[in-house]
Each structure stands twice: as structure tokens, then as C-alpha cells.
Amino acid sequence: MLDLEVVPERSLGNEQWEFALGMPFSQAVSILQKHCRIIKNVQVLYSEQTPLSHDLILNLTQDGIKLLFDATNQRLKVIEVYDLSKVKLKYCGVHFNSQAIAPTIEQIDQSFGATHPGVYNPAEQLFHLNFRGLSFSFQLESWNEAPKYEIPHGAMVRRMHIYTGNNLQETRAPPMPLACFLGNIYAECVDVLRDGAGPLGLKLRLLAAGSGVGVMADAKVRSMDRSIFFGDSCQDVLGALGSPHKVFYKSEDKMKIHSPSPHKQVPSKCNDYFFNFFTLGVDILFDSTTHLVKKFVLHTNYPGHYNFNIYHRCDFRIPLIIKKEGADSQAEDCILTTYSKWDQIQELLGHPMEKPVVLHRSSSANNTNPFGSTFCFGLQRMIFEVMQNNHIASVTLYGAPRTSSQARAESSGSSH
């Protein structure tokens with residue numbers, strides 16, 4: 001049985017690990033994987049058709065705990081203990097729930113002190129006692145008439161919630177805590193830079209734990225802007241983003257068969273290679289000969305995709321130039337985001353002329369992919385990988401490689 005410390009408005013955990021509000025989904029999964037011998041029978045719950053309308057949930061069935069993650073930013077929003085008989089709980093080092101201590105209203109008053117009167121919910125038959133960042137729900141099914149303010153003696157806690165603020169219904173996932181950065185950089189947002197012909201590169205707003213002399217200098221999150229363009233060198237990218245989490249060399253180009261006259265292409269002695277930035281949700285492909293950027297891949301990290309939880313969600317914005325037909329034709333600017341759906345994109349860009357390429361991922365030839373195939377459509381020097389629920393799994397940006405000076409000159413010229 002887990003023995004956990006409750007910290008209102010912050011976390012639930014012990015000396016080895018803790019689930020902290022604002023923690024990315026991937027870090028919570030990493031904790032569960034590391035302690036899989038202790039924490040067993042974990043469920044991942046999400047909406048397959050409408051993943052943005054419901055929280056992403058990790059359900060620890062053996063321990064009676066649910067971790068609710070915001071569907072948009074995928075950070076921990078609420079920690080719910082729904083079965084207090086399966087876990088020991090303490091506050092400030094003193095137990096208020098264990099096999100020897102029942103979580104009654106008297107015990108809660110003794111451990112946490114006075115607070116505002118509770119609120120009765122007749123539909124649930126639960127009395128909610130709220131502290132800042134913490135609430136307890138008491139079962140009142142044995143009483144015929146609910147009390148107005150005072151919870152009856154002996155009432156037992158049925159559920160407990162840890163969250164940010166004063167209102168559980170209105171709470172939001174807080175910014176990522178400093179302790180969760182772990183030396184990594186994260187992208188607050190990624191803007192695609194482009195001209196009339198197509199994408200030029202990326203502008204990233206990066207977040208990192210502060211560094212400097214002394215303790216106070218580290219106690220904040222720093223933000224910085226970095227730009228990368230097609231034609232940039234490895235050194236340019238390393239200088240802007242730091243070292244990648246992984247370098248992946250392409251063994252073969254499976255999309256080459258769809259290019260004109262693939263049999264005429266001379267096989268390269270060297271392989272193109274990716275810089276994988278998992279916490280940014282971005283892959284960068286370099287040409288094996290010139291070592292210059294030739295493609296960007298932006299990952300949306302939707303549940304139900306084969307690569308889910310490998311990448312942090314890339315919150316991107318792609319400006320689109322829509323040309324209206326007619327004598328008074330004018331270009332209209334629209335923004336495509338991580339949360340745009342494929343039918344909305346087709347309304348803006350028009351339907352692709354060619355049928356999609358069907359992409360079926362699996363770890364080996366004999367393995368099956370339980371999530372099914374995705375479909376790749378090419379429009380305006382971008383390839384959209386579309387899931388079966390109409391959401392975008394990834395966007396690949398490509399263009400003719402150019403030198404860094406040319407790209408930067410074009411970008412600065414278009415910004416004026």
C-alpha cells in the first residue's frame with residue numbers, strides 16, 4: 001500500500017517521487033514506468049474521437065488514484081484519490097488516513113483545521129469541504145435530510161482532490177514547476193516563418209529553468225526566442241537549441257517511391273539524419289552531404305497515435321495565405337494551429353489533387369498497430385499526417401535548401 005504525503009495546491013507523493021500539479025504527462029508516465037513493481041494496473045483514459053473535449057487521465061486502479069491532465073496543454077490539472085481504503089495519506093508528516101486511522105470529519109478537522117462551511121451536492125449526495133487547493137467529499141447517503149452547514153459526526157471521506165486555486169470546477173493546470181524541467185528546454189509556442197512560396201523556418205519561444213549565481217537566480221523560468229531556417233547548418237541549430245535528445249539516421253527513404261522517376265535516383269553512400277528534440281515536439285532533418293536543414297517535423301502528440309508520449313506537444317502556428325478568386329482577388333491571412341482539424345484545413349487550402357499516402361507504423365514487420373493507419377496529404381510545401389478522428393498527428397515542412405544568410409535576409413525583409 002502506498003504511503004503518500006498530501007501538499008495542498010501542489011502535489012501528492014513520497015520521498016522517492018511525487019506527482020506535481022503542472023507536471024507534463026510524459027513525466028508522470030516515466031514515474032509509473034520506473035516504479036512499475038509497486039504501482040501496477042494503470043489505465044490511460046482518453047476520448048478517441050474528441051480528444052480535446054475530455055481530460056487525459058491516468059487511472060491507478062490498484063491505488064485508487066486518478067491523475068487528470070488538461071487535454072490541451074497535457075499538464076497535470078487535478079489529483080483525485082477516489083478510494084481512500086487503498087492508500088495511506090498524511091499531511092505535514094502526520095497520517096489522517098490509514099488502516100488504523102479512519103478519515104472521518106473529526107480527523108480532517110484535527111489534521112487540517114477550520115475552513116469555510118461545506119457545500120452539499122444533492123445529485124451526488126456528497127458534502128464537499130473545501131480548503132485552498134484541496135477538497136474532501138463526504139458520503140451522506142445514510143441521512144434522510146442533508147444538513148445546511150455542519151457535516152454530521154462520523155461522516156467518512158469518500159474522495160479527495162488536489163488542485164490549484166479555490167474552485168475545483170474552475171481550476172486549470174498551472175505552469176510547469178521548476179523541478180520538472182530536469183535540464184531540458186520546452187517550447188511555449190512555435191511559429192512557422194514563411195513567404196508567399198512556402199515555409200522558411202521556425203521561430204520558437206523556449207522555456208528553461210533559470211541559471212545564474214546563487215539560489216535566487218535559479219528560482220524562475222527563463223524565456224527566449226530562437227529562429228531556425230531551411231539551409232541552416234548543424235552548428236546553427238546546436239547554437240540555437242542545444243544538443244538534441246537523439247540523433248536518428250535514416251536507413252531508407254520509404255517515401256522515395258512516390259517521387260518522379262525513383263529508379264533514376266542514385267543511392268547515397270551516406271544517410272540523411274534527424275535531430276530529435278522530444279521536449280520541443282520537433283524533428284529537424286539534415287542533408288547527409290551538405291549537413292544543412294532540409295525538413296522540419298512538428299508533432300501534436302494526440303492520444304491514439306502510434307508515437308503518443310514520445311514527443312511533448314508542439315503548440316505551433318502556421319500562417320496561411322489564402323487567395324480569393326475573382327476580379328478583386330485579395331490574399332487573406334489565416335492561422336493553422338495544433339488544434340485545427342483536417343476538414344477545416346481543406347476548407348482553407350482546398351482539397352489535395354492526389355489521393356493520400358497511407359502510413360502504417362509498426363515496430364517490426366510482424367507487429368500490429370492497434371491505432372490503425374494515418375493518411376498523408378501534401379499542400380503548399382507541407383505534408384499533413386491526418387489521424388482517423390480528423391485531427392493532425394504531425395506536419396512536415398519542406399523546401400529548397402538555401403543558405404542561412406539568404407533565409408534570414410528574406411525573413412527580415414518580410415517582417416517590415
# chains A, B, ... in the order shown; residues from 1 in each chain; ligands from 1
>>> residues_around(residues="Gln74 of chain A", least_positions_apart="6", cutoff="8 Å", atoms="only C-alpha atoms", output="list of chain:residue names")
A:Pro24, A:Phe25, A:Leu56, A:Arg313
>>> write_last_selection(atoms="C-alpha atoms", output="PDB file, in the first residue's frame")
ATOM      1  CA  PRO A  24       3.851  17.040 -18.133  1.00  0.00           C
ATOM      2  CA  PHE A  25       2.013  13.806 -18.927  1.00  0.00           C
ATOM      3  CA  LEU A  56      -6.444  12.862 -20.392  1.00  0.00           C
ATOM      4  CA  ARG A 313       3.085  18.515 -27.810  1.00  0.00           C
TER       5      ARG A 313
END
>>> select_by_dssp(residues="segment 21-228 of chain A", states="helix (DSSP H, G or I)", output="VMD selection string")
chain A and resid 25 to 34 84 to 86 105 to 112 178 to 180 216 to 218
>>> select_by_dssp(residues="segment 81-260 of chain A", states="strand (DSSP E)", output="PyMOL selection string")
chain A and resi 81+87-91+94-97+119-121+126-131+134-139+157-162+186-194+199-209+221-229+246-249
>>> residues_around(residues="segment 335-343 of chain A", least_positions_apart="6", cutoff="10 Å", atoms="only C-alpha atoms", output="ChimeraX atom specification")
/A:52,72,190-192,298-302,313-321,349-351,377,384-387,389-395
>>> closest_residue(among="A:Leu2, A:Cys376, A:Ala240, A:Ala20", to="Ile38 of chain A", atoms="only C-alpha atoms")
A:Leu2
>>> residues_around(residues="segment 150-165 of chain A", least_positions_apart="5", cutoff="9 Å", atoms="only C-alpha atoms", output="VMD selection string")
chain A and resid 6 to 12 21 77 to 84 102 to 106 108 117 to 118 126 to 127 129 132 to 140 143 170 to 174
>>> write_last_selection(atoms="N, CA and C atoms", output="short mmCIF file (atom, residue, chain, number, x, y, z; two decimals), in the first residue's frame")
data_model
loop_
_atom_site.label_atom_id
_atom_site.label_comp_id
_atom_site.auth_asym_id
_atom_site.auth_seq_id
_atom_site.Cartn_x
_atom_site.Cartn_y
_atom_site.Cartn_z
N VAL A 6 0.36 14.53 1.30
CA VAL A 6 -0.52 15.46 0.60
C VAL A 6 0.00 16.90 0.80
N VAL A 7 0.26 17.60 -0.29
CA VAL A 7 0.64 19.01 -0.24
C VAL A 7 -0.43 19.79 -1.00
N PRO A 8 -1.35 20.49 -0.31
CA PRO A 8 -2.43 21.20 -0.99
C PRO A 8 -1.90 22.16 -2.05
N GLU A 9 -2.59 22.20 -3.18
CA GLU A 9 -2.29 23.08 -4.29
C GLU A 9 -0.93 22.79 -4.92
N ARG A 10 -0.35 21.61 -4.61
CA ARG A 10 0.95 21.31 -5.19
C ARG A 10 1.12 19.87 -5.64
N SER A 11 1.04 18.89 -4.71
CA SER A 11 1.47 17.54 -5.12
C SER A 11 0.95 16.45 -4.20
N LEU A 12 1.17 15.21 -4.67
CA LEU A 12 0.95 14.00 -3.90
C LEU A 12 2.13 13.09 -4.19
N LEU A 21 1.32 19.13 -9.56
CA LEU A 21 0.44 19.86 -10.47
C LEU A 21 1.29 20.65 -11.46
N LYS A 77 -3.57 18.62 -14.01
CA LYS A 77 -4.52 19.64 -13.55
C LYS A 77 -5.13 19.30 -12.19
N VAL A 78 -5.50 18.04 -11.99
CA VAL A 78 -6.16 17.60 -10.76
C VAL A 78 -5.63 16.23 -10.36
N ILE A 79 -5.39 16.06 -9.05
CA ILE A 79 -5.07 14.76 -8.48
C ILE A 79 -6.26 14.32 -7.65
N GLU A 80 -6.85 13.17 -8.00
CA GLU A 80 -8.04 12.68 -7.29
C GLU A 80 -7.72 11.35 -6.63
N VAL A 81 -8.03 11.26 -5.33
CA VAL A 81 -7.98 9.97 -4.62
C VAL A 81 -9.43 9.54 -4.45
N TYR A 82 -9.87 8.52 -5.18
CA TYR A 82 -11.28 8.14 -5.19
C TYR A 82 -11.57 6.91 -4.32
N ASP A 83 -10.53 6.25 -3.81
CA ASP A 83 -10.73 5.11 -2.90
C ASP A 83 -9.67 5.20 -1.81
N LEU A 84 -10.04 5.79 -0.68
CA LEU A 84 -9.07 6.02 0.40
C LEU A 84 -8.70 4.75 1.14
N ALA A 102 -9.26 6.22 10.55
CA ALA A 102 -10.34 6.41 9.58
C ALA A 102 -10.43 7.90 9.22
N PRO A 103 -10.66 8.22 7.95
CA PRO A 103 -10.74 9.62 7.51
C PRO A 103 -12.13 10.22 7.78
N THR A 104 -12.46 10.40 9.05
CA THR A 104 -13.75 10.99 9.42
C THR A 104 -13.66 12.51 9.39
N ILE A 105 -14.80 13.15 9.53
CA ILE A 105 -14.83 14.62 9.56
C ILE A 105 -14.04 15.14 10.76
N GLU A 106 -14.09 14.42 11.87
CA GLU A 106 -13.33 14.84 13.05
C GLU A 106 -11.82 14.77 12.78
N ILE A 108 -10.33 14.99 9.83
CA ILE A 108 -9.98 16.05 8.89
C ILE A 108 -9.89 17.39 9.61
N PRO A 117 -17.77 26.83 5.66
CA PRO A 117 -18.77 25.75 5.70
C PRO A 117 -18.77 24.94 4.41
N GLY A 118 -19.10 23.66 4.54
CA GLY A 118 -19.12 22.80 3.37
C GLY A 118 -20.30 23.09 2.46
N LEU A 126 -23.24 14.12 -1.79
CA LEU A 126 -21.92 14.34 -1.21
C LEU A 126 -21.85 15.74 -0.62
N PHE A 127 -21.16 15.84 0.50
CA PHE A 127 -20.90 17.13 1.15
C PHE A 127 -19.43 17.48 0.89
N LEU A 129 -16.14 19.67 1.45
CA LEU A 129 -15.44 20.56 2.38
C LEU A 129 -14.18 21.05 1.67
N ARG A 132 -8.05 25.71 0.41
CA ARG A 132 -7.39 26.21 -0.79
C ARG A 132 -6.54 25.10 -1.41
N GLY A 133 -6.85 24.73 -2.64
CA GLY A 133 -6.09 23.71 -3.34
C GLY A 133 -6.36 22.29 -2.88
N LEU A 134 -7.41 22.10 -2.06
CA LEU A 134 -7.69 20.76 -1.52
C LEU A 134 -9.17 20.68 -1.15
N SER A 135 -9.81 19.59 -1.52
CA SER A 135 -11.22 19.41 -1.12
C SER A 135 -11.47 17.96 -0.73
N PHE A 136 -12.40 17.78 0.22
CA PHE A 136 -12.82 16.44 0.66
C PHE A 136 -14.31 16.31 0.40
N SER A 137 -14.70 15.14 -0.09
CA SER A 137 -16.11 14.85 -0.34
C SER A 137 -16.57 13.76 0.61
N PHE A 138 -17.64 14.07 1.39
CA PHE A 138 -18.14 13.15 2.40
C PHE A 138 -19.44 12.51 1.92
N GLN A 139 -19.58 11.21 2.17
CA GLN A 139 -20.78 10.47 1.77
C GLN A 139 -21.87 10.70 2.81
N LEU A 140 -23.08 11.11 2.35
CA LEU A 140 -24.17 11.38 3.28
C LEU A 140 -25.40 10.54 2.96
N TRP A 143 -28.17 9.68 5.65
CA TRP A 143 -29.01 10.70 6.27
C TRP A 143 -30.19 11.03 5.37
N GLU A 170 -13.41 25.23 -11.62
CA GLU A 170 -12.80 26.24 -12.48
C GLU A 170 -11.28 26.15 -12.54
N THR A 171 -10.70 25.14 -11.92
CA THR A 171 -9.25 25.06 -11.85
C THR A 171 -8.63 24.78 -13.21
N ARG A 172 -7.39 25.23 -13.38
CA ARG A 172 -6.63 24.98 -14.60
C ARG A 172 -5.26 24.43 -14.23
N ALA A 173 -4.64 23.77 -15.18
CA ALA A 173 -3.29 23.26 -14.93
C ALA A 173 -2.34 24.43 -14.79
N PRO A 174 -1.55 24.49 -13.72
CA PRO A 174 -0.61 25.59 -13.53
C PRO A 174 0.59 25.46 -14.47
#
>>> atom_distance(atom1="atom CA of Asn309 of chain A", atom2="atom CA of Lys250 of chain A")
21.4 Å
>>> atom_distance(atom1="atom CA of Thr50 of chain A", atom2="atom CA of Gln388 of chain A")
11.2 Å
>>> closest_residue(among="A:Ala208, A:Leu45, A:Ala179, A:Leu168", to="Leu67 of chain A", atoms="only C-alpha atoms")
A:Leu45
>>> residues_around(residues="segment 271-280 of chain A", least_positions_apart="5", cutoff="6 Å", atoms="only C-alpha atoms", output="list in words")
Tyr186, Ala187, Pro244, His245, Lys246, Val247, Phe248, Tyr249, Lys250, Leu285, Phe286, Asp287, Ser288, Tyr311 and His312 of chain A
>>> write_last_selection(atoms="N, CA and C atoms", output="PDB file, in the first residue's frame")
ATOM      1  N   TYR A 186      11.784  23.572 -23.116  1.00  0.00           N
ATOM      2  CA  TYR A 186      10.456  23.309 -23.653  1.00  0.00           C
ATOM      3  C   TYR A 186      10.039  24.477 -24.532  1.00  0.00           C
ATOM      4  N   ALA A 187       9.116  24.225 -25.435  1.00  0.00           N
ATOM      5  CA  ALA A 187       8.641  25.271 -26.342  1.00  0.00           C
ATOM      6  C   ALA A 187       7.264  25.740 -25.891  1.00  0.00           C
ATOM      7  N   PRO A 244      20.457  17.809 -29.309  1.00  0.00           N
ATOM      8  CA  PRO A 244      19.187  17.063 -29.403  1.00  0.00           C
ATOM      9  C   PRO A 244      19.162  15.910 -28.416  1.00  0.00           C
ATOM     10  N   HIS A 245      17.963  15.405 -28.127  1.00  0.00           N
ATOM     11  CA  HIS A 245      17.851  14.240 -27.257  1.00  0.00           C
ATOM     12  C   HIS A 245      18.364  12.977 -27.949  1.00  0.00           C
ATOM     13  N   LYS A 246      18.248  12.972 -29.297  1.00  0.00           N
ATOM     14  CA  LYS A 246      18.658  11.796 -30.046  1.00  0.00           C
ATOM     15  C   LYS A 246      18.998  12.212 -31.469  1.00  0.00           C
ATOM     16  N   VAL A 247      19.950  11.522 -32.073  1.00  0.00           N
ATOM     17  CA  VAL A 247      20.239  11.682 -33.499  1.00  0.00           C
ATOM     18  C   VAL A 247      19.863  10.381 -34.183  1.00  0.00           C
ATOM     19  N   PHE A 248      18.982  10.479 -35.162  1.00  0.00           N
ATOM     20  CA  PHE A 248      18.475   9.281 -35.838  1.00  0.00           C
ATOM     21  C   PHE A 248      18.872   9.324 -37.304  1.00  0.00           C
ATOM     22  N   TYR A 249      19.572   8.288 -37.761  1.00  0.00           N
ATOM     23  CA  TYR A 249      19.993   8.190 -39.151  1.00  0.00           C
ATOM     24  C   TYR A 249      18.973   7.367 -39.941  1.00  0.00           C
ATOM     25  N   LYS A 250      18.483   7.935 -41.035  1.00  0.00           N
ATOM     26  CA  LYS A 250      17.503   7.236 -41.863  1.00  0.00           C
ATOM     27  C   LYS A 250      18.171   6.069 -42.584  1.00  0.00           C
ATOM     28  N   LEU A 285      15.489  17.516 -39.989  1.00  0.00           N
ATOM     29  CA  LEU A 285      16.205  16.620 -40.890  1.00  0.00           C
ATOM     30  C   LEU A 285      17.323  17.375 -41.605  1.00  0.00           C
ATOM     31  N   PHE A 286      18.521  16.777 -41.595  1.00  0.00           N
ATOM     32  CA  PHE A 286      19.686  17.356 -42.254  1.00  0.00           C
ATOM     33  C   PHE A 286      20.066  16.523 -43.475  1.00  0.00           C
ATOM     34  N   ASP A 287      20.519  17.204 -44.507  1.00  0.00           N
ATOM     35  CA  ASP A 287      21.038  16.542 -45.689  1.00  0.00           C
ATOM     36  C   ASP A 287      22.376  15.888 -45.356  1.00  0.00           C
ATOM     37  N   SER A 288      22.558  14.649 -45.790  1.00  0.00           N
ATOM     38  CA  SER A 288      23.768  13.905 -45.427  1.00  0.00           C
ATOM     39  C   SER A 288      25.020  14.466 -46.099  1.00  0.00           C
ATOM     40  N   TYR A 311       6.882  12.385 -27.916  1.00  0.00           N
ATOM     41  CA  TYR A 311       7.166  13.817 -28.025  1.00  0.00           C
ATOM     42  C   TYR A 311       6.256  14.614 -27.097  1.00  0.00           C
ATOM     43  N   HIS A 312       6.770  15.742 -26.621  1.00  0.00           N
ATOM     44  CA  HIS A 312       5.931  16.742 -25.980  1.00  0.00           C
ATOM     45  C   HIS A 312       5.130  17.426 -27.084  1.00  0.00           C
TER      46      HIS A 312
END
>>> closest_residue(among="A:Tyr398, A:Phe229, A:Phe19, A:Phe308", to="Leu202 of chain A", atoms="only C-alpha atoms")
A:Phe229
>>> closest_residue(among="A:Ile185, A:Val29, A:Val358, A:Met353", to="Gln380 of chain A", atoms="only C-alpha atoms")
A:Met353
